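Enquirer: What follows is the file run29.cif, containing mmCIF, C-alpha atoms and all ligand atoms:
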```
data_data
#
loop_
_atom_site.label_atom_id
_atom_site.label_comp_id
_atom_site.auth_asym_id
_atom_site.auth_seq_id
_atom_site.Cartn_x
_atom_site.Cartn_y
_atom_site.Cartn_z
CA MET A 20 106.77 86.90 122.09
CA THR A 21 103.31 86.84 123.76
CA GLN A 22 100.51 85.91 121.36
CA SER A 23 96.98 87.26 121.86
CA ASN A 24 93.76 85.38 121.16
CA PRO A 25 93.85 84.49 117.43
CA GLN A 26 90.15 85.45 117.15
CA GLN A 27 91.02 89.02 118.12
CA ARG A 28 94.10 89.49 115.98
CA LEU A 29 94.27 91.00 112.53
CA ARG A 30 93.83 87.90 110.33
CA VAL A 31 94.87 86.83 106.84
CA GLY A 32 92.32 88.22 104.41
CA ALA A 33 90.82 90.75 106.89
CA HIS A 34 90.20 94.41 106.07
CA PHE A 35 92.23 96.99 108.04
CA ILE A 36 89.86 99.94 108.23
CA ASP A 37 89.62 100.97 111.90
CA LEU A 38 92.13 100.24 114.68
CA ALA A 39 89.23 100.30 117.17
CA GLU A 40 87.95 97.00 115.72
CA TYR A 41 90.79 95.33 117.61
CA PRO A 42 91.27 95.07 121.37
CA SER A 43 94.28 96.85 122.81
CA GLU A 44 96.09 93.52 123.42
CA ALA A 45 95.78 92.71 119.70
CA ILE A 46 97.15 96.15 118.77
CA ALA A 47 100.04 95.73 121.20
CA ASP A 48 100.69 92.37 119.54
CA LEU A 49 100.71 94.04 116.10
CA VAL A 50 103.12 96.69 117.42
CA ARG A 51 105.42 93.92 118.70
CA LEU A 52 105.37 92.41 115.20
CA ALA A 53 106.30 95.84 113.78
CA GLN A 54 109.21 96.08 116.26
CA HIS A 55 110.25 92.53 115.37
CA LEU A 56 110.24 93.30 111.63
CA GLU A 57 112.28 96.45 112.29
CA GLN A 58 114.96 94.33 113.99
CA LYS A 59 114.66 91.18 111.86
CA PRO A 60 113.18 91.92 108.43
CA GLU A 61 111.67 89.01 106.49
CA PRO A 62 112.57 89.83 102.89
CA ARG A 63 110.73 86.81 101.41
CA ALA A 64 107.58 86.84 103.59
CA LEU A 65 105.30 88.24 100.87
CA ALA A 66 107.13 86.97 97.77
CA GLY A 67 104.67 86.67 94.89
CA LYS A 68 102.09 88.98 96.51
CA ILE A 69 100.89 92.22 94.90
CA LEU A 70 99.51 95.26 96.69
CA GLY A 71 97.36 97.76 94.76
CA LEU A 72 97.35 101.37 96.01
CA LEU A 73 94.63 103.79 94.96
CA PHE A 74 95.25 107.41 95.96
CA LEU A 75 92.29 109.70 95.40
CA ASN A 76 94.21 112.39 97.36
CA PRO A 77 97.87 113.44 97.65
CA SER A 78 100.41 111.83 99.97
CA LEU A 79 104.12 111.66 100.72
CA ARG A 80 104.48 109.26 103.67
CA THR A 81 101.65 106.85 102.95
CA LEU A 82 102.46 106.64 99.23
CA ALA A 83 106.16 105.93 99.82
CA SER A 84 105.95 103.83 102.98
CA MET A 85 103.25 101.45 101.71
CA GLN A 86 105.33 100.65 98.63
CA ALA A 87 108.54 100.36 100.67
CA ALA A 88 106.78 98.09 103.18
CA MET A 89 105.64 95.76 100.41
CA PHE A 90 109.07 95.71 98.74
CA ARG A 91 110.86 95.04 102.04
CA LEU A 92 108.67 91.98 102.57
CA GLY A 93 109.46 90.66 99.08
CA GLY A 94 106.15 91.66 97.47
CA GLN A 95 105.35 94.18 94.76
CA ALA A 96 103.02 97.15 94.49
CA PHE A 97 101.32 99.31 91.88
CA VAL A 98 99.99 102.84 92.41
CA ILE A 99 96.96 104.44 90.74
CA THR A 100 96.39 108.21 91.05
CA PRO A 101 93.20 108.86 89.02
CA GLY A 102 93.48 111.65 86.50
CA GLN A 103 97.30 111.47 86.51
CA GLY A 104 98.03 108.81 83.91
CA SER A 105 94.85 106.82 84.61
CA TRP A 106 91.19 107.72 84.04
CA GLY A 107 89.49 110.16 86.37
CA LEU A 108 87.30 108.19 88.81
CA GLU A 109 83.74 109.16 89.76
CA SER A 110 82.65 108.09 93.24
CA ARG A 111 79.19 109.68 93.61
CA PRO A 112 76.35 107.18 93.27
CA HIS A 113 73.74 107.48 90.51
CA VAL A 114 75.23 110.54 88.79
CA ARG A 115 75.04 111.18 85.06
CA MET A 116 78.70 110.90 84.10
CA ASP A 117 78.95 113.70 81.56
CA GLY A 118 81.83 115.48 83.37
CA ALA A 119 85.60 114.94 83.51
CA ALA A 120 85.64 111.48 85.15
CA ALA A 121 85.65 108.68 82.58
CA GLU A 122 85.16 105.76 84.96
CA HIS A 123 83.08 104.99 88.05
CA ILE A 124 84.48 103.30 91.16
CA ARG A 125 81.77 100.65 90.77
CA GLU A 126 83.76 99.27 87.84
CA GLY A 127 87.20 100.69 88.67
CA LEU A 128 87.56 99.22 92.17
CA PRO A 129 86.57 95.61 91.38
CA VAL A 130 88.80 95.74 88.28
CA LEU A 131 91.82 96.93 90.31
CA ALA A 132 91.10 94.40 93.07
CA GLY A 133 91.33 91.61 90.50
CA TYR A 134 94.94 92.57 89.76
CA CYS A 135 96.23 92.38 93.34
CA ASP A 136 96.08 90.46 96.62
CA ALA A 137 95.14 93.50 98.75
CA LEU A 138 94.05 97.03 97.91
CA GLY A 139 94.94 100.17 99.87
CA ILE A 140 92.66 103.17 99.34
CA ARG A 141 93.05 106.84 100.31
CA ALA A 142 89.80 108.81 100.02
CA PHE A 143 89.54 111.98 102.12
CA ALA A 144 86.38 113.53 103.50
CA HIS A 145 84.31 115.70 101.18
CA GLY A 146 84.13 118.22 104.04
CA GLU A 147 80.53 119.32 103.42
CA ASP A 148 78.26 116.98 105.40
CA LEU A 149 79.59 116.26 108.90
CA HIS A 150 77.21 113.36 109.51
CA ALA A 151 78.18 111.66 106.24
CA ASP A 152 81.90 112.13 106.91
CA VAL A 153 81.71 110.91 110.53
CA SER A 154 79.86 107.77 109.41
CA ASP A 155 82.66 107.04 106.88
CA ALA A 156 79.86 105.89 104.56
CA ALA A 157 81.75 106.63 101.33
CA PHE A 158 84.80 104.57 102.33
CA LEU A 159 82.75 101.68 103.68
CA ALA A 160 80.75 101.62 100.44
CA MET A 161 84.01 101.37 98.49
CA ALA A 162 85.23 98.50 100.68
CA LYS A 163 81.96 96.66 99.99
CA LEU A 164 82.81 96.69 96.27
CA ILE A 165 85.85 94.50 97.05
CA PRO A 166 84.56 91.43 98.90
CA ALA A 167 87.41 89.05 98.05
CA GLN A 168 90.56 90.95 99.04
CA PRO A 169 91.71 92.80 102.14
CA VAL A 170 91.13 96.55 101.97
CA ILE A 171 93.61 98.77 103.82
CA ASN A 172 92.44 102.23 104.84
CA LEU A 173 95.13 104.75 103.83
CA GLU A 174 93.02 107.63 105.26
CA SER A 175 89.29 107.89 104.89
CA ALA A 176 86.90 110.67 105.91
CA ILE A 177 87.20 109.87 109.63
CA ASN A 178 90.01 107.37 110.09
CA HIS A 179 93.71 106.78 109.50
CA PRO A 180 94.49 103.44 111.17
CA CYS A 181 97.98 103.10 109.65
CA GLN A 182 98.94 106.45 111.21
CA ALA A 183 97.39 105.47 114.54
CA LEU A 184 99.22 102.13 114.61
CA ALA A 185 102.54 103.83 113.82
CA ASP A 186 101.82 106.36 116.57
CA TRP A 187 101.19 103.55 119.09
CA LYS A 188 104.56 102.05 118.10
CA THR A 189 106.21 105.46 118.55
CA LEU A 190 104.78 105.69 122.08
CA GLU A 191 106.12 102.20 122.85
CA ASP A 192 109.55 103.04 121.40
CA LEU A 193 109.66 106.22 123.52
CA GLN A 194 108.55 104.17 126.57
CA VAL A 195 105.65 106.53 127.22
CA PRO A 196 103.68 104.98 130.12
CA ARG A 197 100.21 103.67 129.23
CA HIS A 198 98.26 105.86 131.68
CA SER A 199 100.24 109.07 131.24
CA LYS A 200 98.81 112.39 130.07
CA PHE A 201 98.42 112.64 126.30
CA VAL A 202 97.31 115.99 124.88
CA LEU A 203 95.84 116.10 121.38
CA SER A 204 96.15 119.78 120.56
CA TRP A 205 94.49 121.68 117.73
CA VAL A 206 97.01 123.89 115.90
CA PRO A 207 96.48 126.51 113.17
CA HIS A 208 96.54 125.88 109.42
CA PRO A 209 95.52 128.14 106.53
CA LYS A 210 92.87 125.63 105.41
CA PRO A 211 90.29 123.55 107.31
CA LEU A 212 91.78 120.05 107.34
CA PRO A 213 89.80 116.79 107.73
CA LEU A 214 88.99 115.07 111.02
CA ALA A 215 90.53 111.69 110.11
CA VAL A 216 93.83 112.02 111.96
CA PRO A 217 92.50 113.69 115.14
CA ALA A 218 89.74 111.05 115.32
CA ALA A 219 92.18 108.16 114.77
CA VAL A 220 94.74 109.55 117.24
CA LEU A 221 92.09 110.17 119.90
CA THR A 222 90.85 106.60 119.49
CA MET A 223 94.39 105.20 119.67
CA ALA A 224 95.31 107.15 122.80
CA ALA A 225 92.03 106.12 124.46
CA GLN A 226 92.66 102.47 123.58
CA ARG A 227 96.17 102.73 125.04
CA GLY A 228 94.66 103.87 128.35
CA HIS A 229 96.01 107.43 128.46
CA GLU A 230 94.63 110.40 130.35
CA VAL A 231 93.63 112.07 127.08
CA VAL A 232 93.03 115.81 126.92
CA ILE A 233 91.79 117.36 123.69
CA ALA A 234 92.96 120.97 123.65
CA ARG A 235 90.91 122.90 121.12
CA PRO A 236 89.34 126.34 120.73
CA GLU A 237 85.59 126.92 120.92
CA GLY A 238 83.93 125.70 117.72
CA PHE A 239 86.47 122.92 117.15
CA ALA A 240 84.99 120.17 119.36
CA LEU A 241 85.35 116.73 117.81
CA PRO A 242 81.95 115.25 116.82
CA GLU A 243 80.02 113.54 119.61
CA PRO A 244 80.06 110.04 118.01
CA ILE A 245 83.88 110.20 117.94
CA MET A 246 84.01 111.44 121.53
CA ALA A 247 81.56 108.76 122.70
CA LYS A 248 83.62 106.03 121.02
CA ALA A 249 86.80 107.36 122.65
CA ARG A 250 85.20 107.60 126.10
CA GLN A 251 84.02 103.99 125.84
CA LEU A 252 87.47 102.76 124.75
CA ALA A 253 89.20 104.80 127.47
CA GLU A 254 86.93 103.39 130.14
CA ARG A 255 87.73 99.86 128.98
CA ALA A 256 91.49 100.62 129.07
CA GLY A 257 91.46 102.39 132.44
CA GLY A 258 92.02 105.84 130.94
CA SER A 259 89.94 108.97 130.46
CA VAL A 260 89.01 111.58 127.84
CA ARG A 261 88.25 115.26 128.44
CA GLU A 262 88.37 118.57 126.59
CA CYS A 263 90.03 121.87 127.42
CA ALA A 264 89.74 125.23 125.65
CA ASP A 265 92.89 126.70 127.21
CA PRO A 266 96.11 125.33 125.66
CA MET A 267 98.51 126.12 128.52
CA THR A 268 96.18 124.52 131.09
CA ALA A 269 95.89 121.46 128.86
CA TYR A 270 99.67 121.09 128.38
CA ALA A 271 100.49 121.09 132.12
CA ASP A 272 102.05 117.74 133.17
CA ALA A 273 101.72 116.29 129.68
CA HIS A 274 103.98 113.46 128.54
CA ILE A 275 102.97 113.96 124.92
CA ILE A 276 101.69 116.95 122.98
CA TYR A 277 100.29 115.64 119.70
CA ALA A 278 99.71 118.65 117.44
CA LYS A 279 97.10 118.42 114.69
CA GLU A 280 95.12 120.80 112.49
CA TRP A 281 91.41 120.35 111.77
CA GLY A 282 88.46 122.43 110.59
CA THR A 283 85.64 123.96 112.60
CA THR A 284 82.91 121.50 113.49
CA SER A 285 80.43 124.19 114.62
CA ALA A 286 80.31 125.47 111.01
CA TYR A 287 81.53 122.38 109.15
CA GLY A 288 82.45 123.02 105.54
CA ASP A 289 82.28 126.82 105.89
CA ALA A 290 85.80 127.78 104.75
CA GLU A 291 85.18 131.52 105.20
CA HIS A 292 84.09 131.03 108.81
CA TYR A 293 87.20 128.88 109.38
CA ARG A 294 89.49 131.60 108.01
CA GLU A 295 87.86 134.18 110.29
CA CYS A 296 88.38 131.89 113.31
CA VAL A 297 91.99 131.03 112.50
CA ALA A 298 92.90 134.70 112.14
CA THR A 299 92.36 135.03 115.91
CA LEU A 300 94.05 131.77 116.97
CA SER A 301 97.75 132.13 116.13
CA HIS A 302 98.56 131.74 119.88
CA TRP A 303 97.64 128.05 119.47
CA GLN A 304 100.92 127.50 117.58
CA ILE A 305 103.16 125.09 119.51
CA THR A 306 106.30 126.81 120.81
CA GLU A 307 108.92 126.02 123.47
CA GLN A 308 106.63 127.88 125.89
CA SER A 309 103.96 125.20 125.32
CA PHE A 310 106.23 122.72 127.12
CA SER A 311 107.07 124.94 130.08
CA HIS A 312 104.77 123.06 132.48
CA SER A 313 104.94 119.62 130.86
CA LEU A 314 106.60 116.60 132.39
CA PRO A 315 110.23 116.30 131.25
CA PRO A 316 110.97 114.80 128.77
CA ALA A 317 107.64 115.68 127.13
CA ARG A 318 107.60 115.00 123.40
CA LEU A 319 106.00 116.57 120.35
CA LEU A 320 104.24 114.30 117.89
CA HIS A 321 102.64 115.35 114.59
CA CYS A 322 101.61 113.08 111.73
CA LEU A 323 103.14 115.42 109.08
CA PRO A 324 103.01 117.31 106.80
CA VAL A 325 103.37 120.26 109.19
CA ARG A 326 103.37 124.00 108.42
CA ARG A 327 106.47 125.39 110.15
CA ASN A 328 105.89 128.56 112.19
CA VAL A 329 102.13 128.29 111.64
CA ALA A 330 101.33 125.02 113.44
CA VAL A 331 104.65 124.42 115.22
CA ASP A 332 107.63 126.73 115.80
CA ASP A 333 110.93 125.88 114.07
CA ARG A 334 112.74 125.64 117.41
CA VAL A 335 110.44 122.87 118.60
CA LEU A 336 110.55 120.91 115.33
CA ASP A 337 114.35 121.19 115.18
CA GLY A 338 114.87 120.56 118.89
CA PRO A 339 115.12 117.47 121.09
CA ARG A 340 111.40 117.36 121.97
CA SER A 341 110.34 116.55 118.44
CA SER A 342 109.83 112.88 117.53
CA VAL A 343 108.08 113.56 114.24
CA ILE A 344 110.72 111.95 112.01
CA ALA A 345 110.84 108.72 114.04
CA GLN A 346 107.04 108.81 114.04
CA ALA A 347 106.95 109.02 110.23
CA HIS A 348 109.55 106.24 109.93
CA ASN A 349 107.31 104.05 112.08
CA ARG A 350 104.72 104.14 109.30
CA LEU A 351 106.99 101.70 107.44
CA TRP A 352 107.31 99.12 110.21
CA ALA A 353 103.69 99.40 111.29
CA GLN A 354 102.42 98.86 107.75
CA MET A 355 104.84 95.95 107.27
CA ALA A 356 103.15 94.34 110.27
CA VAL A 357 99.69 94.95 108.79
CA LEU A 358 100.69 93.56 105.39
CA HIS A 359 102.43 90.59 107.03
CA ARG A 360 99.22 89.75 108.88
CA VAL A 361 96.67 90.28 106.11
CA LEU A 362 98.76 88.74 103.30
CA GLY A 363 101.17 86.40 105.07
CA GLN A 364 100.83 82.80 106.10
CA ARG A 365 103.15 82.64 109.06
CA PHE A 366 104.27 84.61 112.07
CA THR A 367 107.75 84.35 113.57
N1 LIG B 1 100.70 111.40 107.78
C1 LIG B 1 100.37 111.10 106.51
O1 LIG B 1 99.45 110.30 106.24
O2 LIG B 1 101.18 111.66 105.58
P1 LIG B 1 100.86 111.72 104.02
O3 LIG B 1 99.57 112.51 103.85
O4 LIG B 1 102.04 112.38 103.40
O5 LIG B 1 100.67 110.31 103.52
#
```
Translate the structure described by the file into structure tokens.
Ligand code: CP
Expert:
Amino acid sequence: MTQSNPQQRLRVGAHFIDLAEYPSEAIADLVRLAQHLEQKPEPRALAGKILGLLFLNPSLRTLASMQAAMFRLGGQAFVITPGQGSWGLESRPHVRMDGAAAEHIREGLPVLAGYCDALGIRAFAHGEDLHADVSDAAFLAMAKLIPAQPVINLESAINHPCQALADWKTLEDLQVPRHSKFVLSWVPHPKPLPLAVPAAVLTMAAQRGHEVVIARPEGFALPEPIMAKARQLAERAGGSVRECADPMTAYADAHIIYAKEWGTTSAYGDAEHYRECVATLSHWQITEQSFSHSLPPARLLHCLPVRRNVAVDDRVLDGPRSSVIAQAHNRLWAQMAVLHRVLGQRFT
């Protein structure tokens, strides 16, 4: 197995907050470790290690796969979901805590960190202040409260590196060529969803050197700092990034259509405006027709959960184009690789 420069690789004790902190060779190396662990698990690699998991928002895949990853490597995990068996946690700075939350993250996070060897945190965007969410300030402030242990980002306001790493592995498993056309397509949802997954997926595809096309309606452009970061990464990897407001034009010759829902950025946080927009955009649902001009065998990816027959038609999800289950399973192997690196002592 080829090893990349140790300075560039995810190291023991490092945070895992943004995949873009690592060069593409280091990510490819991490993906190879994930593939290796899938074939040859190491059930004692993290014996005696404990992973803490703090979920400030709901989850199915991340919640289950992080615990399974730790158990499969011989470690253990505990899960805290504030307000559901543990104290409600306040995260706003300098507030008078006379509401429902009994504890502030300034005490809660360092306390939890003292019980484990690494702490995974899920903390979604507040969805009100675009600048604040794009800067990921709230998550980075939380990570600063835990200086001694690795922090793993389980989805912050603007990032989801575990999803992006699993997606990279899925592309490798499917043998999708590095410079092929990758379409990140907005799809409808009843509610305005956060920008974390589209931002992380765009970054990942740019780092992998794809010809990336973001298909999205007017008013749904991804924020300029995210686009600028992606353009820079794409240039470095020999790829490109552009936008397209017509879905069928965007899908032509695509190897991958990655469907994802997100809220309007032109009127960020305005749920009423979002509902008015979405009412006119049902034709953005992915159907078999969406693949009519794609390159065979073009695949559908989606991070899940997905709203059937709103975001993606049943026939696509149940048909041979869909790789969404394999994609979700890859969360396990990808996160095992991350945990192996940040908590382990050796690499085989
Ligand atoms: N894709 C993803 O992160 O799924 P969950 O929200 O269920 O964890």
Enquirer: Compare A:Arg80, A:Arg294, A:Lys200, A:Arg28 by their minimum atom-to-atom distance to Glu174 in chain A, counting all atoms listed in the file, and give me the closest one.
Expert: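 The answer is A:Arg80, which sits nearest to Glu174 in chain A.
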Enquirer: Within 8 Å of Ser309 in chain A, counting only C-alpha atoms, which residues qualify if same-chain residues fewer than 5 places away don't, as a PyMOL selection string?
Expert: chain A and resi 266-267+270
Enquirer: Kindly give the distance, in Å, that separates CA of Asp148 in chain A and CA of Met161 in chain A, rounded to a single decimal.
Expert: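 Straight-line distance from CA of Asp148 in chain A to CA of Met161 in chain A works out to 18.0 Å.
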Enquirer: Name the residues, by chain letter and number, that sit within 6 Å of ligand LIG 1 (chain B) using all atoms listed in the file, and give them as a compact mmCIF listing (two decimals) with C-alpha atoms, keeping the file's coordinate frame.
Expert:
```txt
# COMPACT_ATOMS: atom_id res chain seq x y z
CA SER A 78 100.41 111.83 99.97
CA LEU A 79 104.12 111.66 100.72
CA ARG A 80 104.48 109.26 103.67
CA THR A 81 101.65 106.85 102.95
CA LEU A 82 102.46 106.64 99.23
CA CYS A 322 101.61 113.08 111.73
CA LEU A 323 103.14 115.42 109.08
```
Enquirer: Quick one: distance from CA of Gly139 in chain A to CA of Ile36 in chain A in Å, one decimal?
Expert: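 So the answer is 9.8 Å.
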Enquirer: If you take all atoms listed in the file and a cut-off of 8 Å, which residues of range 237-325 of chain A touch range 217-227 of chain A, and what are their nearest atom pairs and distances in Å to one decimal, in chain and number order, as JSON lines?
Expert:
```
{"residue": "A:Leu241", "atom": "CA", "partner": "A:Ala218", "partner_atom": "CA", "distance": 7.6}
{"residue": "A:Ile245", "atom": "CA", "partner": "A:Ala218", "partner_atom": "CA", "distance": 6.5}
{"residue": "A:Lys248", "atom": "CA", "partner": "A:Thr222", "partner_atom": "CA", "distance": 7.4}
{"residue": "A:Ala249", "atom": "CA", "partner": "A:Thr222", "partner_atom": "CA", "distance": 5.2}
{"residue": "A:Arg250", "atom": "CA", "partner": "A:Ala225", "partner_atom": "CA", "distance": 7.2}
{"residue": "A:Leu252", "atom": "CA", "partner": "A:Gln226", "partner_atom": "CA", "distance": 5.3}
{"residue": "A:Ala253", "atom": "CA", "partner": "A:Ala225", "partner_atom": "CA", "distance": 4.3}
{"residue": "A:Arg255", "atom": "CA", "partner": "A:Gln226", "partner_atom": "CA", "distance": 7.8}
{"residue": "A:Ala256", "atom": "CA", "partner": "A:Gln226", "partner_atom": "CA", "distance": 5.9}
{"residue": "A:Gly258", "atom": "CA", "partner": "A:Ala225", "partner_atom": "CA", "distance": 6.5}
{"residue": "A:Ser259", "atom": "CA", "partner": "A:Ala225", "partner_atom": "CA", "distance": 7.0}
{"residue": "A:Val260", "atom": "CA", "partner": "A:Ala225", "partner_atom": "CA", "distance": 7.1}
{"residue": "A:Lys279", "atom": "CA", "partner": "A:Pro217", "partner_atom": "CA", "distance": 6.6}
{"residue": "A:Trp281", "atom": "CA", "partner": "A:Pro217", "partner_atom": "CA", "distance": 7.5}
```
Enquirer: Taking only C-alpha atoms into account, which of A:Trp106, A:Asp136, A:Glu122, A:Leu56 comes nearest Leu362 in chain A?
Expert: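 Selected residue with least distance to Leu362 in chain A: A:Asp136.
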Enquirer: Quick one: residues within 10 Å of (88.7, 108.9, 109.4) (file frame), counting all atoms listed in the file, please, as a VMD selection string.
Expert: chain A and resid 36 to 37 142 to 144 152 to 155 158 172 to 180 213 to 220 245
Enquirer: Which of these, A:Pro42, A:Pro244, A:Gly32, A:Ala356, has the shortest distance to Gly228 in chain A once you count all atoms listed in the file?
Expert: A:Pro42
Enquirer: Find the distance between CA of Arg340 in chain A and CA of Pro316 in chain A and write it in Å to one decimal.
Expert: 7.3 Å
Enquirer: For Gln354 in chain A, which residue out of A:Ala132, A:Leu52, A:Ala290, A:Ala45 is the nearest one, using only C-alpha atoms?
Expert: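 With only C-alpha atoms as the atom set, the closest residue is A:Leu52.
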Enquirer: Tell me which of A:Ala88, A:Leu75, A:Leu203, A:Ala160 sits closest to Ala264 in chain A, counting all atoms listed in the file.
Expert: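 Result for the nearest residue to Ala264 in chain A: A:Leu203.
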Enquirer: Hey, could you patch up range 101-118 of chain A with N, CA, C and O atoms and hand it over as an mmCIF file, in the frame of the given file?
Expert:
```cif
data_model
loop_
_atom_site.group_PDB
_atom_site.id
_atom_site.type_symbol
_atom_site.label_atom_id
_atom_site.label_comp_id
_atom_site.auth_asym_id
_atom_site.auth_seq_id
_atom_site.Cartn_x
_atom_site.Cartn_y
_atom_site.Cartn_z
ATOM 1 N N PRO A 101 94.154 108.552 90.103
ATOM 2 C CA PRO A 101 93.200 108.860 89.020
ATOM 3 C C PRO A 101 93.389 110.273 88.473
ATOM 4 O O PRO A 101 93.605 111.229 89.218
ATOM 5 N N GLY A 102 93.329 110.359 87.154
ATOM 6 C CA GLY A 102 93.480 111.650 86.500
ATOM 7 C C GLY A 102 94.930 112.007 86.218
ATOM 8 O O GLY A 102 95.211 112.992 85.553
ATOM 9 N N GLN A 103 95.871 111.212 86.764
ATOM 10 C CA GLN A 103 97.300 111.470 86.510
ATOM 11 C C GLN A 103 97.902 110.216 85.874
ATOM 12 O O GLN A 103 98.596 109.440 86.517
ATOM 13 N N GLY A 104 97.551 110.001 84.628
ATOM 14 C CA GLY A 104 98.030 108.810 83.910
ATOM 15 C C GLY A 104 97.006 107.703 83.872
ATOM 16 O O GLY A 104 97.139 106.754 83.110
ATOM 17 N N SER A 105 95.975 107.778 84.717
ATOM 18 C CA SER A 105 94.850 106.820 84.610
ATOM 19 C C SER A 105 93.565 107.636 84.559
ATOM 20 O O SER A 105 93.554 108.838 84.825
ATOM 21 N N TRP A 106 92.458 107.002 84.183
ATOM 22 C CA TRP A 106 91.190 107.720 84.040
ATOM 23 C C TRP A 106 90.766 108.392 85.331
ATOM 24 O O TRP A 106 90.980 107.864 86.416
ATOM 25 N N GLY A 107 90.129 109.541 85.210
ATOM 26 C CA GLY A 107 89.490 110.160 86.370
ATOM 27 C C GLY A 107 88.393 109.237 86.882
ATOM 28 O O GLY A 107 87.692 108.606 86.094
ATOM 29 N N LEU A 108 88.277 109.128 88.222
ATOM 30 C CA LEU A 108 87.300 108.190 88.810
ATOM 31 C C LEU A 108 86.156 108.969 89.466
ATOM 32 O O LEU A 108 86.391 109.863 90.282
ATOM 33 N N GLU A 109 84.939 108.602 89.128
ATOM 34 C CA GLU A 109 83.740 109.160 89.760
ATOM 35 C C GLU A 109 83.359 108.278 90.941
ATOM 36 O O GLU A 109 83.388 107.050 90.836
ATOM 37 N N SER A 110 83.043 108.896 92.085
ATOM 38 C CA SER A 110 82.650 108.090 93.240
ATOM 39 C C SER A 110 81.208 108.338 93.669
ATOM 40 O O SER A 110 80.664 107.560 94.452
ATOM 41 N N ARG A 111 80.562 109.391 93.183
ATOM 42 C CA ARG A 111 79.190 109.680 93.610
ATOM 43 C C ARG A 111 78.232 108.651 93.012
ATOM 44 O O ARG A 111 78.351 108.306 91.828
ATOM 45 N N PRO A 112 77.291 108.169 93.815
ATOM 46 C CA PRO A 112 76.350 107.180 93.270
ATOM 47 C C PRO A 112 75.310 107.844 92.360
ATOM 48 O O PRO A 112 74.919 108.991 92.587
ATOM 49 N N HIS A 113 74.903 107.118 91.352
ATOM 50 C CA HIS A 113 73.740 107.480 90.510
ATOM 51 C C HIS A 113 73.880 108.829 89.812
ATOM 52 O O HIS A 113 72.876 109.488 89.549
ATOM 53 N N VAL A 114 75.102 109.266 89.527
ATOM 54 C CA VAL A 114 75.230 110.540 88.790
ATOM 55 C C VAL A 114 75.277 110.259 87.291
ATOM 56 O O VAL A 114 75.640 109.167 86.856
ATOM 57 N N ARG A 115 74.882 111.255 86.520
ATOM 58 C CA ARG A 115 75.040 111.180 85.060
ATOM 59 C C ARG A 115 76.475 111.579 84.753
ATOM 60 O O ARG A 115 76.885 112.708 85.034
ATOM 61 N N MET A 116 77.250 110.668 84.226
ATOM 62 C CA MET A 116 78.700 110.900 84.100
ATOM 63 C C MET A 116 79.030 111.629 82.796
ATOM 64 O O MET A 116 79.676 111.085 81.903
ATOM 65 N N ASP A 117 78.638 112.906 82.752
ATOM 66 C CA ASP A 117 78.950 113.700 81.560
ATOM 67 C C ASP A 117 80.006 114.762 81.873
ATOM 68 O O ASP A 117 80.161 115.735 81.155
ATOM 69 N N GLY A 118 80.757 114.549 83.004
ATOM 70 C CA GLY A 118 81.830 115.480 83.370
ATOM 71 C C GLY A 118 83.197 114.926 83.022
ATOM 72 O O GLY A 118 83.343 114.149 82.069
#
```
